[in-house]
Amino acid sequence: MRASDYPLTANRYPLSSSMPFIETKSLQDDYDVIVVGSGAAGGQTAYTLTMEGAKVLMLEAGRNYVAENETPMFNTHDQAPLRGVSTSDKEFGFYDATVDGGWQVPDEPYTNASNEKERQFWWWRARMLGGRTNHWGRISLRNGPYDFKPRSRDGLGFDWPMAYEDLAPYYDKVEMLIGVYGENDGLENTPNSPAGCLMPAPKPRVGEALVQQRATRIGVPTVAIHRAVLTERLDHQRIPKLLHPGNAGAQAILAAEMQRRAACFWATDCGRGCSIRANYQSTTVHLPPALSTGKLDVLTNAMVREVSMGKDGRANGVLFIDRRTGAEHQAKSRIVVLAASACETVRILLNSKSDRFPDGLANSSGKVGKYLMDTVGAGVAGQIPLLEGLPPHNDDGAGGSHVYAPWWLYKEQHRGKLDFARGYHIEMNAQRHMPSAGYVAGLAEHAQGHGRKFREEMRRYFGSTISFAGRGEMIPNEDSYCELDPVKKDKWGIPVLRFHWKWSEHETRQAAHMQQTFAQIIDAMGGKVLTKIETDGAKVIRPGGFIIHEVGGAIMGADPKSSVTNQWGQTWDVKNLFLTDGAPFPSNADKNPTLTIMALAWRASDYMLAAMKRKEL
Ligand SMILES: Cc1cc2nc3c(=O)[nH]c(=O)nc-3n(C[C@H](O)[C@H](O)[C@H](O)COP(=O)(O)OP(=O)(O)OC[C@H]3O[C@@H](n4cnc5c(N)ncnc54)[C@H](O)[C@@H]3O)c2cc1C
Ligand code: SF4
């Protein structure tokens, strides 16, 4: 059945009221698909499936969250405890959208096998509808052709069992659906999007324009970043027809939802969420149309413990705990999709033990938990005299920078001129933010005098500091993985994950290269480096997991002996079990992973729909 076959319900669940959520007692017994998790992966999967007529149950461990009601877009720092600064339970500040999450989640511990800091993994989670998409940075970069065939290029890691061309149409669809601004620059391994996919990019801010000018002089191309923020209203007449050809119901639902999204007004912190739906959050972009089909049930506070199996060797649903009561329940479906974020998906697989699968589900290769990856991160800050004493001006914009530098040394690296494999891109912060508590303390290092003189110095230095952050590719290795902790359990008695981590020299040398590059850019800007430049990258590389781009743990491949899923995220061992989050990534290009997660989830969902239609699933 397609969306066009049932009555149009576009206005049934206006976002301004709370969205329709079911209670456990209302669970149906005829779901086509259960989707575990409601973030980028779960949101995209549920969207694609329901818009094309499948009946879906979404189970989300966190609580409901309605961005429109809960987003403190206009609150100022002085209205918050401790003036909104970071605390251990609000790492990104008081107003950050994350609910019940952070490096630690109440009642849900994890462990590290090693006491050595550099061998530990940091795990960021959110427990709320929409997961981390409510506050992510929204940088949305396509992987390039090389990124799907890394082993073929340099002999390291794994190739994907697909090529860029296989995923490209899905990148197009996701960009059009969620709204991504950016430009086509024709740079190596940095794909252009077809006409009509991207929105116009905002202009660089003053500091960013200076980086662009000076970095280009030393050979580092700096171009518009791609970010999931609407710079204009979505074209609700053109896009729905392209995304759902021949499906009038889905087109009408999407057109109505697109009209409910406003364009960005460039004034508030995207990390708090966006009540006008101008940026991408699963809660404001994927779930409203999916709910409007009438085909989606959402059950929150439902902590999935394991996938349940039938005697026929097929998954028949999941077992979950109601986090409010601690009671265990079962939900049933034809297909199960795990989209709980890479490590949580691994945890569910490993906890789904049975006589038939004593080492966890879909683990006949022994690869579940293996090849966990994050992004390589290192940073440098500088002070730029040319940016001192600027007249007051509006430097607002989207959350985060408007420009970035894609990796530019492919050719040199391929010729063996660098002492590490794989590249990094450069993100930066060159913006005059509304000062928060602590900002003045930073400026005071430069300012002289007291009283009026001091205030003048503050005005002079405000906005003249700049920071660069490298975001680089990590090569999967045998020492970075997760497994079940043999002892520790969470509040509900579910075994937790234990992490093992090790950067290889490729990553630490890459971090050292980042430091040198950032120092050169600051120098080219006539500035002064404020942080120590290390030649030993091991001293500056961020801990594993710290960049919050964790992927892998159930990699896809062409061979069931050495991988967990095929190219559609379908597990080799259980045909009606799919993974649509970052767990199947066999490599982690320098490009931030979420756009690729969504493109893969759409592609996997199309595959499921076709297989259901053929009655194969
Ligand atoms: C501060 C920050 C900035 C970021 N910036 C960027 C960026 O600019 N670009 C980019 O590409 N990526 C960025 N990321 C990463 C991005 O957020 C993730 O890649 C993306 O959210 C992953 O989507 P997901 O659906 O796999 O996981 P999530 O978004 O984490 O969603 C998973 C959901 O599953 C639920 N869940 C987990 N376990 C269970 C269970 N057992 N039962 C039921 N539900 C469960 C969780 O509660 C959660 O809601 C950023 C992340 C953070 C934290
Ligand atoms: S800057 Fe734009 S997209 Fe971000 S929260 Fe504000 S209005 Fe929304």
# chains A, B, ... in the order shown; residues from 1 in each chain; ligands from 1
>>> closest_atom_pairs(of="chain A", to="ligand 2", cutoff="6 Å", atoms="only C-alpha atoms and all ligand atoms", output="CSV")
residue,atom,partner,partner_atom_place_in_ligand_line,distance
A:Val229,CA,ligand 2,3 (S),5.2
A:Cys264,CA,ligand 2,2 (Fe),3.7
A:Phe265,CA,ligand 2,7 (S),4.8
A:Trp266,CA,ligand 2,1 (S),4.2
A:Ala267,CA,ligand 2,1 (S),5.1
A:Thr268,CA,ligand 2,6 (Fe),3.8
A:Asp269,CA,ligand 2,5 (S),5.1
A:Cys270,CA,ligand 2,5 (S),3.7
A:Gly273,CA,ligand 2,5 (S),5.7
A:Cys274,CA,ligand 2,5 (S),4.2
A:Ala278,CA,ligand 2,3 (S),4.5
A:Asn279,CA,ligand 2,3 (S),4.4
A:Gly397,CA,ligand 2,1 (S),6.0
A:Ala398,CA,ligand 2,1 (S),4.4
A:Gly399,CA,ligand 2,4 (Fe),5.6
>>> write_last_selection(atoms="C-alpha atoms", output="PDB file, in the first residue's frame")
ATOM      1  CA  VAL A 229      19.937  25.084   7.610  1.00  0.00           C
ATOM      2  CA  CYS A 264      16.562  30.884   9.084  1.00  0.00           C
ATOM      3  CA  PHE A 265      16.652  34.423  10.510  1.00  0.00           C
ATOM      4  CA  TRP A 266      20.328  34.097  11.483  1.00  0.00           C
ATOM      5  CA  ALA A 267      20.179  35.176  15.064  1.00  0.00           C
ATOM      6  CA  THR A 268      20.001  32.267  17.465  1.00  0.00           C
ATOM      7  CA  ASP A 269      22.084  29.321  18.574  1.00  0.00           C
ATOM      8  CA  CYS A 270      21.213  26.236  16.491  1.00  0.00           C
ATOM      9  CA  GLY A 273      17.182  23.542  18.574  1.00  0.00           C
ATOM     10  CA  CYS A 274      15.035  25.560  16.204  1.00  0.00           C
ATOM     11  CA  ALA A 278      14.681  26.140   9.893  1.00  0.00           C
ATOM     12  CA  ASN A 279      17.383  23.603  10.612  1.00  0.00           C
ATOM     13  CA  GLY A 397      24.578  33.616  10.998  1.00  0.00           C
ATOM     14  CA  ALA A 398      23.936  29.931  11.138  1.00  0.00           C
ATOM     15  CA  GLY A 399      25.266  28.005  14.116  1.00  0.00           C
TER      16      GLY A 399
END
>>> residues_near_ligand(ligand="ligand 1", cutoff="6 Å", atoms="only C-alpha atoms and all ligand atoms", output="ChimeraX atom specification")
/A:36-42,59-62,125-133,136-140,302-305,339-342,344,548-549,581-582,592-595
>>> closest_residue(among="A:Glu183, A:Leu338, A:Ile348, A:Asp147", to="Gln570 in chain A", atoms="only C-alpha atoms")
A:Leu338
>>> atom_distance(atom1="CA of Glu116 in chain A", atom2="CA of Ala538 in chain A")
13.3 Å
>>> closest_residue(among="A:Thr98, A:Ser308, A:Gln212, A:Thr231", to="Met525 in chain A", atoms="only C-alpha atoms")
A:Gln212
>>> closest_residue(among="A:Met474, A:Met162, A:Ile321, A:Val403", to="Gly493 in chain A", atoms="only C-alpha atoms")
A:Ile321
>>> residues_around(residues="Met58 in chain A", least_positions_apart="3", cutoff="6 Å", atoms="only C-alpha atoms", output="PyMOL selection string")
chain A and resi 34-36+298
>>> select_by_dssp(residues="range 393-607 of chain A", states="helix (DSSP H, G or I)", output="ChimeraX atom specification")
/A:410-414,439-444,451-461,505-524,537-539,594-607
>>> residues_around(residues="range 583-586 of chain A", least_positions_apart="6", cutoff="6 Å", atoms="only C-alpha atoms", output="PDB file with C-alpha atoms, in the first residue's frame")
ATOM      1  CA  PHE A 158      38.221  -1.707   3.886  1.00  0.00           C
ATOM      2  CA  ALA A 342      26.363   2.798  16.065  1.00  0.00           C
ATOM      3  CA  VAL A 551      30.718   4.759  13.360  1.00  0.00           C
ATOM      4  CA  GLY A 552      31.523   1.120  12.629  1.00  0.00           C
ATOM      5  CA  GLY A 553      31.068  -1.861  14.914  1.00  0.00           C
ATOM      6  CA  ALA A 554      28.992  -3.879  12.435  1.00  0.00           C
ATOM      7  CA  ILE A 555      30.682  -3.156   9.126  1.00  0.00           C
ATOM      8  CA  MET A 556      29.195  -3.816   5.719  1.00  0.00           C
TER       9      MET A 556
END
>>> closest_residue(among="A:Gln237, A:Asn363, A:Gln44, A:Asn64", to="Asp573 in chain A", atoms="only C-alpha atoms")
A:Asn363
>>> closest_residue(among="A:Asp30, A:Asp395, A:Asp297, A:Asp523", to="Glu208 in chain A", atoms="only C-alpha atoms")
A:Asp395
>>> atom_distance(atom1="CA of Glu616 in chain A", atom2="CA of Asn316 in chain A")
14.8 Å
>>> closest_residue(among="A:Gly144, A:Pro221, A:Gly382, A:Gly155", to="Ala209 in chain A", atoms="only C-alpha atoms")
A:Pro221
